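Structure record follows, encoded as structure tokens.
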Amino acid sequence: MRRTLTDPATYRRLVYLLLSLPLGVAWFVALLTVWSLCLGLVITPFVIPLAFGLAAMTRGFAAVESEMARSLLEVDARAPAPAATRSGFWARFRALFGDGFWRAQAFLLIRWFVGFPIAVVLLSLIATALGMIFAPLWVPFVHGGAHLGFWRPRTFLDSLALVPVGLALLPATLLAVSPAAALFGSLVSDLLAGPAGPPNVTSALDQALIAAPVGRSNITGAAADPVSPRRGFEVHAAVDGVVVLGLGLIWALTSLGYFWPIWVALPLALALAIHGWNVLVTERPSLVGHFRGSRMLTTTAGVGAAVSLFFISIWAITGHGYFWPVWPMLVIAIALAAEVVATLLASPRHAEMAERIETLETTRAGAVDAQETELRRIERDLHDGAQARLVALGMSLGMAEQKLADDPGRVGELLAEARLGAEQALRELRDLARGIHPPVLADRGLEAALESLANATPMKVTLSVDLEERPAPAVESAAYFVVAEALANAGKHARARRVDVRVVRTSDLIDVEVEDDGIGGADPARSGLRGLRRRVEALDGTLSVISPRGGPTRIRAQLPCAS
Amino acid sequence: MRVVIAEDLALLRDGMTRLLRDNDIEVVAAVSDGEALVREVMAHKPDLAVVDIRLPPSFRDEGLRAALEIRRRVPGTAVLVISQYVEQAYADELLADRGGGIGYLLKDRIMRVVDFLEAVRRVADGGTALDPEVVAQLFRRRREGGPLERLTPREREVLTLMAEGRSNAGIAQSLVLTVGAVEKHIQSILSKLDLPQSSTDHRRVLAVLAYLQQDN
């Protein structure tokens, strides 16, 4: 307890919690204003700049909160990354309203609805405690003394009784600070931090786009996104639930008259519905199929339905009458119709192509990167290996030349040394060349090359290759290096004794599978496997590495090949 | 002895020509592609063709294919294939006709001039010269179980050198044994592997290689 009271961290946390007073109010007022404007102007073009403004504002607020959490709570919340610089208006628009946006919204709301009451309670408790501790200094001099409901201490002696109460209340209050701050800390790391958080180049939505058509290669054991889109939605829903429940409670405790909390609940429900639809589309790409394969159309349809329902609810609450929601609904219907036409006019495969482009951008970057790494490795190998050996060889020859006249006996030794150096250099160059592209692969194809690989390892390798015709050189070579890397891994890290290699061609895939009997625990982030994955992905293939601790390791690559 | 050389890199072609001529081996032609090799061999009927595997125009296994064609068109021509890398699959193809007079060596081996010349003469004479790396690959392929496990370490050494194509005298020299001792080891190996006792060194080597090449 004494540690809690003397720990400066406690006071930093207190400051953080008390900051809910100004910040919570500021966030709430600002967001409420802009959201109301957005919803009010949803049928006018003004909504577009407003929406951009809202996204920018949310990101700015979230950045302030992350920084605050980092310095005061010591929670490692990364500040939101700058907006994606992807071309295309809609792409950018979509990126702005990715999962990160909704989670930041949820956090900012929590800061107000949860943080504000906590701060008020804390502040009053601290003020009361301080007032009691210093009661002898002011109670006797204030007309009427202190007001404590049932008791009114007026004299100096009366007020002395308050001092121990205050002395107990203050540390008790401070002890409550850390748990409350911990709640916010976990909220910050759930809602503001994490790679899927702020809209970087890949928002959760875009990751789903990449995953959908060709299948993202998944490496088991690689760091998974700490917060899934579904979890973000769940947090959002829970927060909304707490907020509405809290307001309902306040309503019940106070007037019980006009049910005003509905005006908070309705916009929250609208935002929640849009968020939910987004998550649903992300998780079930097949949904997009019902909308002619256009993700844009899918999103618009969901948002349109939610907004229509929103207006209809308002109409229903405000006493029926003239059915004015027909106008915004008409606008939504026109927008939808226009989009359907656009989808039909643009090639029906437009959406697929957009997704394809995203995949290609990602995998091309990976391939370029892998190539760069590979070239650097080759340069280093040449520099440290063959080049150095040739220098040494030249030195031996030079010395032999020099000794020729006075010490002919030494010349033979130096020449033998030079020859050994040349042999060593040749061997290294041969290994290097084989690592770049084994000649037997080009000459004789995959099966012969894999046999040669199998013959070169001390492990017992069972090889089964079932290919009727030779695949494209790039595919063949990727398949070869998958096996080569898997064998190297099995021998070096997994201490395997036998390995099964299976290569099968199905209608449009080459399926390469390597399983060993080693100790497992292969790290997919190791440069060899990482480079391999990029190489496979560049060919639209997938690579999976299943390597539980204790083994066995199974590495499988599926490489598409046109038949 | 008359030799035709096929090597596309002028530096190596000239170097090899000089090396062979310096050792009283007649180089009747030195060409740079497979087609020219077949033509020159048909024209000169040399004792031996020294062929680089990778030749224009494909720069793949052009030389190997030319070598096999020579064997078909001019039977009895010994062929020594040299390369920057060795693959057991190529050795299998070269040895397929079981005729002898076949060599398959890394270019590195040329640097050990005495050994190389010995291999050149042996192949021209109808023997074999297989690169130690190929032999190692053959051994690895047959490592698990089987009669090879029954050999003593010394017998494995002798078998390795036999597979490389060395004569009994050569084996004796490199293992520092008497020729008689080598003979005894060879008898033991042949009986353990259930191979016929052949009359000549060359025949024995071919039998050993055939044995090692079988798939187990």
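In the structure tokens, each chain is lettered A, B, ... as it comes, each chain's residues begin at 1, and ligands are numbered from 1 in order of appearance.
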Using only C-alpha atoms, determine which residues lie at most 10 Å from Leu148 in chain B, disregarding the query and same-chain residues fewer than 2 positions distant; provide the list as an MDAnalysis selection string. chainID B and resid 139 142:146 150:152 155:156 159 189 192:193 212
Could you take the residues named above and write them with N, CA and C atoms, as a PDB file, in the first residue's frame?
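Ended up saving to out_15.pdb:
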```pdb
ATOM      1  N   PHE B 139      27.035 -43.918 -53.625  1.00  0.00           N
ATOM      2  CA  PHE B 139      27.089 -44.591 -52.321  1.00  0.00           C
ATOM      3  C   PHE B 139      25.950 -44.132 -51.426  1.00  0.00           C
ATOM      4  N   ARG B 142      22.654 -45.717 -51.976  1.00  0.00           N
ATOM      5  CA  ARG B 142      22.467 -47.106 -51.565  1.00  0.00           C
ATOM      6  C   ARG B 142      22.825 -47.307 -50.111  1.00  0.00           C
ATOM      7  N   ARG B 143      22.693 -46.223 -49.331  1.00  0.00           N
ATOM      8  CA  ARG B 143      23.278 -46.322 -47.994  1.00  0.00           C
ATOM      9  C   ARG B 143      22.516 -47.247 -47.053  1.00  0.00           C
ATOM     10  N   GLU B 144      21.164 -47.214 -47.086  1.00  0.00           N
ATOM     11  CA  GLU B 144      20.445 -47.913 -46.022  1.00  0.00           C
ATOM     12  C   GLU B 144      20.319 -49.407 -46.293  1.00  0.00           C
ATOM     13  N   GLY B 145      20.715 -50.181 -45.351  1.00  0.00           N
ATOM     14  CA  GLY B 145      20.561 -51.630 -45.468  1.00  0.00           C
ATOM     15  C   GLY B 145      21.397 -52.176 -46.621  1.00  0.00           C
ATOM     16  N   GLY B 146      21.125 -53.386 -47.044  1.00  0.00           N
ATOM     17  CA  GLY B 146      21.791 -53.956 -48.204  1.00  0.00           C
ATOM     18  C   GLY B 146      23.194 -54.405 -47.915  1.00  0.00           C
ATOM     19  N   ARG B 150      27.735 -54.532 -45.155  1.00  0.00           N
ATOM     20  CA  ARG B 150      28.561 -55.645 -44.670  1.00  0.00           C
ATOM     21  C   ARG B 150      30.039 -55.432 -44.966  1.00  0.00           C
ATOM     22  N   LEU B 151      30.384 -54.418 -45.739  1.00  0.00           N
ATOM     23  CA  LEU B 151      31.794 -54.195 -46.079  1.00  0.00           C
ATOM     24  C   LEU B 151      32.532 -53.561 -44.901  1.00  0.00           C
ATOM     25  N   THR B 152      33.805 -53.919 -44.790  1.00  0.00           N
ATOM     26  CA  THR B 152      34.636 -53.266 -43.777  1.00  0.00           C
ATOM     27  C   THR B 152      34.980 -51.868 -44.284  1.00  0.00           C
ATOM     28  N   GLU B 155      37.360 -52.012 -47.035  1.00  0.00           N
ATOM     29  CA  GLU B 155      36.760 -52.498 -48.281  1.00  0.00           C
ATOM     30  C   GLU B 155      35.937 -51.394 -48.949  1.00  0.00           C
ATOM     31  N   ARG B 156      35.280 -50.553 -48.126  1.00  0.00           N
ATOM     32  CA  ARG B 156      34.519 -49.436 -48.718  1.00  0.00           C
ATOM     33  C   ARG B 156      35.457 -48.478 -49.435  1.00  0.00           C
ATOM     34  N   LEU B 159      36.378 -50.074 -52.622  1.00  0.00           N
ATOM     35  CA  LEU B 159      35.245 -50.047 -53.543  1.00  0.00           C
ATOM     36  C   LEU B 159      35.062 -48.646 -54.137  1.00  0.00           C
ATOM     37  N   ILE B 189      35.198 -58.143 -51.602  1.00  0.00           N
ATOM     38  CA  ILE B 189      34.083 -57.252 -51.955  1.00  0.00           C
ATOM     39  C   ILE B 189      33.166 -57.927 -52.960  1.00  0.00           C
ATOM     40  N   LYS B 192      31.101 -60.542 -51.367  1.00  0.00           N
ATOM     41  CA  LYS B 192      30.061 -59.998 -50.484  1.00  0.00           C
ATOM     42  C   LYS B 192      28.910 -59.390 -51.283  1.00  0.00           C
ATOM     43  N   LEU B 193      29.247 -58.776 -52.414  1.00  0.00           N
ATOM     44  CA  LEU B 193      28.198 -58.134 -53.216  1.00  0.00           C
ATOM     45  C   LEU B 193      27.616 -59.111 -54.231  1.00  0.00           C
ATOM     46  N   LEU B 212      26.171 -50.516 -58.214  1.00  0.00           N
ATOM     47  CA  LEU B 212      25.870 -49.300 -57.453  1.00  0.00           C
ATOM     48  C   LEU B 212      24.716 -48.506 -58.067  1.00  0.00           C
TER      49      LEU B 212
END
```
Specify as a PyMOL selection string all residues of chain B found within 12 Å of chain A, counting only C-alpha atoms. chain B and resi 53-54+58-65+83-93+106-113+133-145
Let's see if you can do this: from backbone DSSP, list all alpha helix (DSSP H) residues in range 97-338 of chain A, as a PyMOL selection string. chain A and resi 99-113+115-133+135-138+156-160+162-191+204-214+229-253+262-283+286-289+295-317+326-338
Shell around range 161-173 of chain B at 8 Å using only C-alpha atoms, local window under 5 positions removed, as a PyMOL selection string: chain B and resi 127-132+135+178-179+181-183+201-202+205+208-209
Can you spit out the residues from that selection as a PDB file, in the first residue's frame, using N, CA and C atoms?
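The new file selection_31.pdb reads:
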```
ATOM      1  N   GLY B 127      38.894 -48.002 -70.197  1.00  0.00           N
ATOM      2  CA  GLY B 127      38.519 -48.022 -68.773  1.00  0.00           C
ATOM      3  C   GLY B 127      37.495 -46.941 -68.456  1.00  0.00           C
ATOM      4  N   THR B 128      37.301 -46.704 -67.168  1.00  0.00           N
ATOM      5  CA  THR B 128      36.373 -45.641 -66.782  1.00  0.00           C
ATOM      6  C   THR B 128      37.061 -44.694 -65.811  1.00  0.00           C
ATOM      7  N   ALA B 129      36.534 -43.492 -65.751  1.00  0.00           N
ATOM      8  CA  ALA B 129      37.005 -42.510 -64.770  1.00  0.00           C
ATOM      9  C   ALA B 129      35.783 -41.748 -64.296  1.00  0.00           C
ATOM     10  N   LEU B 130      35.383 -42.047 -63.072  1.00  0.00           N
ATOM     11  CA  LEU B 130      34.179 -41.412 -62.548  1.00  0.00           C
ATOM     12  C   LEU B 130      34.586 -40.481 -61.414  1.00  0.00           C
ATOM     13  N   ASP B 131      34.037 -39.278 -61.434  1.00  0.00           N
ATOM     14  CA  ASP B 131      34.428 -38.301 -60.431  1.00  0.00           C
ATOM     15  C   ASP B 131      34.069 -38.782 -59.022  1.00  0.00           C
ATOM     16  N   PRO B 132      34.961 -38.546 -58.071  1.00  0.00           N
ATOM     17  CA  PRO B 132      34.662 -38.964 -56.681  1.00  0.00           C
ATOM     18  C   PRO B 132      33.314 -38.443 -56.186  1.00  0.00           C
ATOM     19  N   VAL B 135      30.670 -40.781 -57.366  1.00  0.00           N
ATOM     20  CA  VAL B 135      30.748 -42.031 -56.605  1.00  0.00           C
ATOM     21  C   VAL B 135      30.139 -41.841 -55.225  1.00  0.00           C
ATOM     22  N   THR B 178      49.907 -53.118 -50.748  1.00  0.00           N
ATOM     23  CA  THR B 178      50.508 -53.862 -51.851  1.00  0.00           C
ATOM     24  C   THR B 178      49.401 -54.240 -52.816  1.00  0.00           C
ATOM     25  N   VAL B 179      49.794 -54.486 -54.074  1.00  0.00           N
ATOM     26  CA  VAL B 179      48.793 -54.872 -55.071  1.00  0.00           C
ATOM     27  C   VAL B 179      48.095 -56.156 -54.637  1.00  0.00           C
ATOM     28  N   ALA B 181      47.441 -57.172 -51.588  1.00  0.00           N
ATOM     29  CA  ALA B 181      46.440 -56.886 -50.558  1.00  0.00           C
ATOM     30  C   ALA B 181      45.181 -56.319 -51.197  1.00  0.00           C
ATOM     31  N   VAL B 182      45.365 -55.413 -52.175  1.00  0.00           N
ATOM     32  CA  VAL B 182      44.216 -54.839 -52.870  1.00  0.00           C
ATOM     33  C   VAL B 182      43.417 -55.952 -53.533  1.00  0.00           C
ATOM     34  N   GLU B 183      44.138 -56.879 -54.214  1.00  0.00           N
ATOM     35  CA  GLU B 183      43.460 -58.008 -54.881  1.00  0.00           C
ATOM     36  C   GLU B 183      42.578 -58.755 -53.889  1.00  0.00           C
ATOM     37  N   ASP B 201      40.453 -55.621 -65.017  1.00  0.00           N
ATOM     38  CA  ASP B 201      40.091 -54.501 -64.147  1.00  0.00           C
ATOM     39  C   ASP B 201      38.845 -53.806 -64.671  1.00  0.00           C
ATOM     40  N   HIS B 202      38.858 -53.491 -65.990  1.00  0.00           N
ATOM     41  CA  HIS B 202      37.770 -52.715 -66.580  1.00  0.00           C
ATOM     42  C   HIS B 202      36.426 -53.383 -66.370  1.00  0.00           C
ATOM     43  N   VAL B 205      35.215 -53.087 -62.823  1.00  0.00           N
ATOM     44  CA  VAL B 205      34.732 -51.740 -62.517  1.00  0.00           C
ATOM     45  C   VAL B 205      33.310 -51.565 -63.032  1.00  0.00           C
ATOM     46  N   VAL B 208      30.905 -53.340 -60.839  1.00  0.00           N
ATOM     47  CA  VAL B 208      30.692 -52.614 -59.585  1.00  0.00           C
ATOM     48  C   VAL B 208      29.768 -51.420 -59.812  1.00  0.00           C
ATOM     49  N   LEU B 209      30.005 -50.690 -60.911  1.00  0.00           N
ATOM     50  CA  LEU B 209      29.161 -49.522 -61.192  1.00  0.00           C
ATOM     51  C   LEU B 209      27.721 -49.938 -61.464  1.00  0.00           C
TER      52      LEU B 209
END
```
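Those residues that approach Val235 in chain A to within 9 Å, counting only C-alpha atoms, are Arg103, Ala106, Asp190, Leu191, Arg230, Arg231, Gly232, Ala238, Val239 and Asp240 of chain A; same-chain residues fewer than 3 positions away are not listed.
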Can you work out which one of A:Arg3, A:Arg13, A:Arg535, A:Arg470 has the shortest atom-to-atom distance to Leu122 in chain A, counting only C-alpha atoms? A:Arg13
Find the residues near Gly421 in chain A: any atom within 8 Å, counting only C-alpha atoms, skip ones fewer than 3 places away on the same chain, and give them as a ChimeraX atom specification. /A:389-390,392-393,417-418,424-425
What is the CA of His437 in chain A-CA of Leu532 in chain A distance in Å, reported with one decimal?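 Between these atoms lies a distance of 14.2 Å.
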Find the spatial neighbours of range 312-319 of chain A, counting only C-alpha atoms, within a cut-off of 10 Å - ignore same-chain residues fewer than 4 positions away - and output them as a short mmCIF file (atom, residue, chain, number, x, y, z; two decimals) with N, CA and C atoms, in the first residue's frame.
```
data_model
loop_
_atom_site.label_atom_id
_atom_site.label_comp_id
_atom_site.auth_asym_id
_atom_site.auth_seq_id
_atom_site.Cartn_x
_atom_site.Cartn_y
_atom_site.Cartn_z
N ILE A 262 -33.31 7.40 -26.27
CA ILE A 262 -33.47 6.84 -27.62
C ILE A 262 -32.67 7.64 -28.63
N TRP A 263 -32.47 8.94 -28.36
CA TRP A 263 -31.74 9.78 -29.33
C TRP A 263 -30.25 9.51 -29.32
N LEU A 266 -30.29 5.48 -30.99
CA LEU A 266 -30.51 5.31 -32.43
C LEU A 266 -29.24 5.53 -33.27
N ALA A 306 -29.34 0.30 -43.60
CA ALA A 306 -29.23 0.76 -42.21
C ALA A 306 -29.72 2.20 -42.08
N VAL A 307 -29.30 3.05 -43.02
CA VAL A 307 -29.69 4.46 -42.94
C VAL A 307 -31.20 4.59 -43.12
N SER A 308 -31.77 3.81 -44.07
CA SER A 308 -33.22 3.86 -44.27
C SER A 308 -33.94 3.49 -42.99
N PHE A 323 -44.91 10.67 -44.23
CA PHE A 323 -43.78 9.74 -44.30
C PHE A 323 -42.61 10.38 -45.05
N TRP A 324 -41.95 11.31 -44.36
CA TRP A 324 -40.84 12.01 -45.00
C TRP A 324 -39.63 11.14 -45.34
N PRO A 325 -39.38 9.99 -44.61
CA PRO A 325 -38.18 9.21 -44.95
C PRO A 325 -38.16 8.74 -46.41
N VAL A 326 -39.31 8.89 -47.08
CA VAL A 326 -39.34 8.47 -48.47
C VAL A 326 -38.29 9.22 -49.28
N MET A 329 -34.75 7.89 -48.64
CA MET A 329 -34.72 6.53 -49.18
C MET A 329 -34.68 6.54 -50.70
#
```
Taking the backbone alone, and naming residues the way the document does, which bits of range 40-148 of chain B are strand (DSSP E) by DSSP, as a list in words?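 Here are the strand (DSSP E) residues of range 40-148 of chain B: Leu48, Ala49, Val50, Val51, Asp52, Ala78, Val79, Leu80, Val81, Ile82, Ser83, Ile102, Gly103, Tyr104, Leu105, Leu106, Thr128, Ala129 and Leu130 of chain B.
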Would you put the residues from that selection into a file with N, CA and C atoms, as a CSV table (one decimal), in the first residue's frame?
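Output saved as result-v5.csv:
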```
chain,number,residue,atom,x,y,z
B,48,LEU,N,39.8,-40.7,-78.5
B,48,LEU,CA,39.1,-40.1,-77.3
B,48,LEU,C,38.5,-38.7,-77.7
B,49,ALA,N,37.3,-38.5,-77.2
B,49,ALA,CA,36.7,-37.1,-77.3
B,49,ALA,C,36.6,-36.6,-75.9
B,50,VAL,N,37.1,-35.4,-75.7
B,50,VAL,CA,37.0,-34.7,-74.4
B,50,VAL,C,35.9,-33.7,-74.6
B,51,VAL,N,34.8,-33.8,-73.8
B,51,VAL,CA,33.6,-33.0,-74.1
B,51,VAL,C,33.1,-32.2,-72.9
B,52,ASP,N,32.9,-30.9,-73.0
B,52,ASP,CA,32.3,-30.2,-72.0
B,52,ASP,C,30.8,-30.4,-72.1
B,78,ALA,N,36.2,-43.6,-77.2
B,78,ALA,CA,36.1,-43.3,-75.7
B,78,ALA,C,35.7,-41.8,-75.6
B,79,VAL,N,34.9,-41.6,-74.5
B,79,VAL,CA,34.4,-40.2,-74.3
B,79,VAL,C,34.7,-39.8,-72.8
B,80,LEU,N,35.4,-38.7,-72.7
B,80,LEU,CA,35.6,-38.1,-71.3
B,80,LEU,C,34.8,-36.8,-71.2
B,81,VAL,N,33.7,-36.9,-70.4
B,81,VAL,CA,32.9,-35.7,-70.3
B,81,VAL,C,33.4,-34.9,-69.1
B,82,ILE,N,33.6,-33.6,-69.3
B,82,ILE,CA,34.0,-32.7,-68.2
B,82,ILE,C,33.0,-31.6,-68.0
B,83,SER,N,32.9,-31.2,-66.7
B,83,SER,CA,31.8,-30.2,-66.4
B,83,SER,C,32.2,-29.5,-65.1
B,102,ILE,N,34.5,-44.7,-70.8
B,102,ILE,CA,33.7,-43.6,-70.4
B,102,ILE,C,34.3,-42.8,-69.2
B,103,GLY,N,34.4,-41.5,-69.3
B,103,GLY,CA,34.8,-40.8,-68.2
B,103,GLY,C,33.9,-39.6,-67.9
B,104,TYR,N,33.8,-39.2,-66.6
B,104,TYR,CA,32.9,-38.1,-66.2
B,104,TYR,C,33.5,-37.5,-65.1
B,105,LEU,N,34.1,-36.3,-65.3
B,105,LEU,CA,34.9,-35.6,-64.3
B,105,LEU,C,34.6,-34.2,-64.1
B,106,LEU,N,34.8,-33.7,-62.9
B,106,LEU,CA,34.7,-32.2,-62.7
B,106,LEU,C,35.9,-31.6,-63.4
B,128,THR,N,37.3,-46.7,-67.2
B,128,THR,CA,36.4,-45.6,-66.8
B,128,THR,C,37.1,-44.7,-65.8
B,129,ALA,N,36.5,-43.5,-65.8
B,129,ALA,CA,37.0,-42.5,-64.8
B,129,ALA,C,35.8,-41.7,-64.3
B,130,LEU,N,35.4,-42.0,-63.1
B,130,LEU,CA,34.2,-41.4,-62.5
B,130,LEU,C,34.6,-40.5,-61.4
```
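Closest approach to Leu73 in chain A among A:Phe113, A:Leu183, A:Leu23, A:Val512 is made by A:Leu183 (distances from only C-alpha atoms).
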So what do you get for CA of Thr155 in chain A versus CA of Val139 in chain A, distance-wise? 6.8 Å
Give me the residues within 10 Å of range 164-169 of chain A as an MDAnalysis selection string, counting only C-alpha atoms and dropping any in the same chain fewer than 5 places off. chainID A and resid 125:135 174:175
Requested write-out: N, CA and C atoms of the selected residues, as a CSV table (one decimal), in the first residue's frame:
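selection22.csv was written with the following content:
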```
chain,number,residue,atom,x,y,z
A,125,LEU,N,-14.0,12.7,-4.4
A,125,LEU,CA,-13.4,12.0,-3.2
A,125,LEU,C,-12.1,12.7,-2.8
A,126,ILE,N,-11.3,13.0,-3.7
A,126,ILE,CA,-10.0,13.6,-3.3
A,126,ILE,C,-10.3,15.0,-2.7
A,127,ALA,N,-11.2,15.8,-3.3
A,127,ALA,CA,-11.5,17.1,-2.7
A,127,ALA,C,-12.0,16.9,-1.3
A,128,THR,N,-12.9,16.0,-1.1
A,128,THR,CA,-13.5,15.8,0.2
A,128,THR,C,-12.4,15.4,1.2
A,129,ALA,N,-11.6,14.4,0.8
A,129,ALA,CA,-10.5,14.0,1.7
A,129,ALA,C,-9.6,15.1,2.1
A,130,LEU,N,-9.2,15.9,1.1
A,130,LEU,CA,-8.3,17.0,1.4
A,130,LEU,C,-9.0,18.0,2.3
A,131,GLY,N,-10.3,18.3,2.0
A,131,GLY,CA,-11.1,19.2,2.9
A,131,GLY,C,-11.1,18.7,4.3
A,132,MET,N,-11.2,17.4,4.5
A,132,MET,CA,-11.3,16.9,5.9
A,132,MET,C,-9.9,17.0,6.6
A,133,ILE,N,-8.9,16.6,5.8
A,133,ILE,CA,-7.5,16.7,6.4
A,133,ILE,C,-7.2,18.1,6.9
A,134,PHE,N,-7.6,19.1,6.1
A,134,PHE,CA,-7.3,20.4,6.5
A,134,PHE,C,-8.4,21.1,7.2
A,135,ALA,N,-9.4,20.3,7.6
A,135,ALA,CA,-10.6,20.9,8.3
A,135,ALA,C,-10.3,21.9,9.4
A,174,LEU,N,-6.8,6.8,-3.7
A,174,LEU,CA,-5.6,6.6,-4.5
A,174,LEU,C,-5.5,5.1,-4.9
A,175,LEU,N,-5.9,4.2,-3.9
A,175,LEU,CA,-5.8,2.8,-4.2
A,175,LEU,C,-6.7,2.4,-5.4
```
Counting only C-alpha atoms, figure out which residue out of A:Gly53, A:Pro560, A:Pro45, A:Gly398 gets nearest to Ala30 in chain A. A:Gly53
What is the distance between CA of Gln371 in chain A and CA of Ala386 in chain A, in Å to one decimal? 21.4 Å
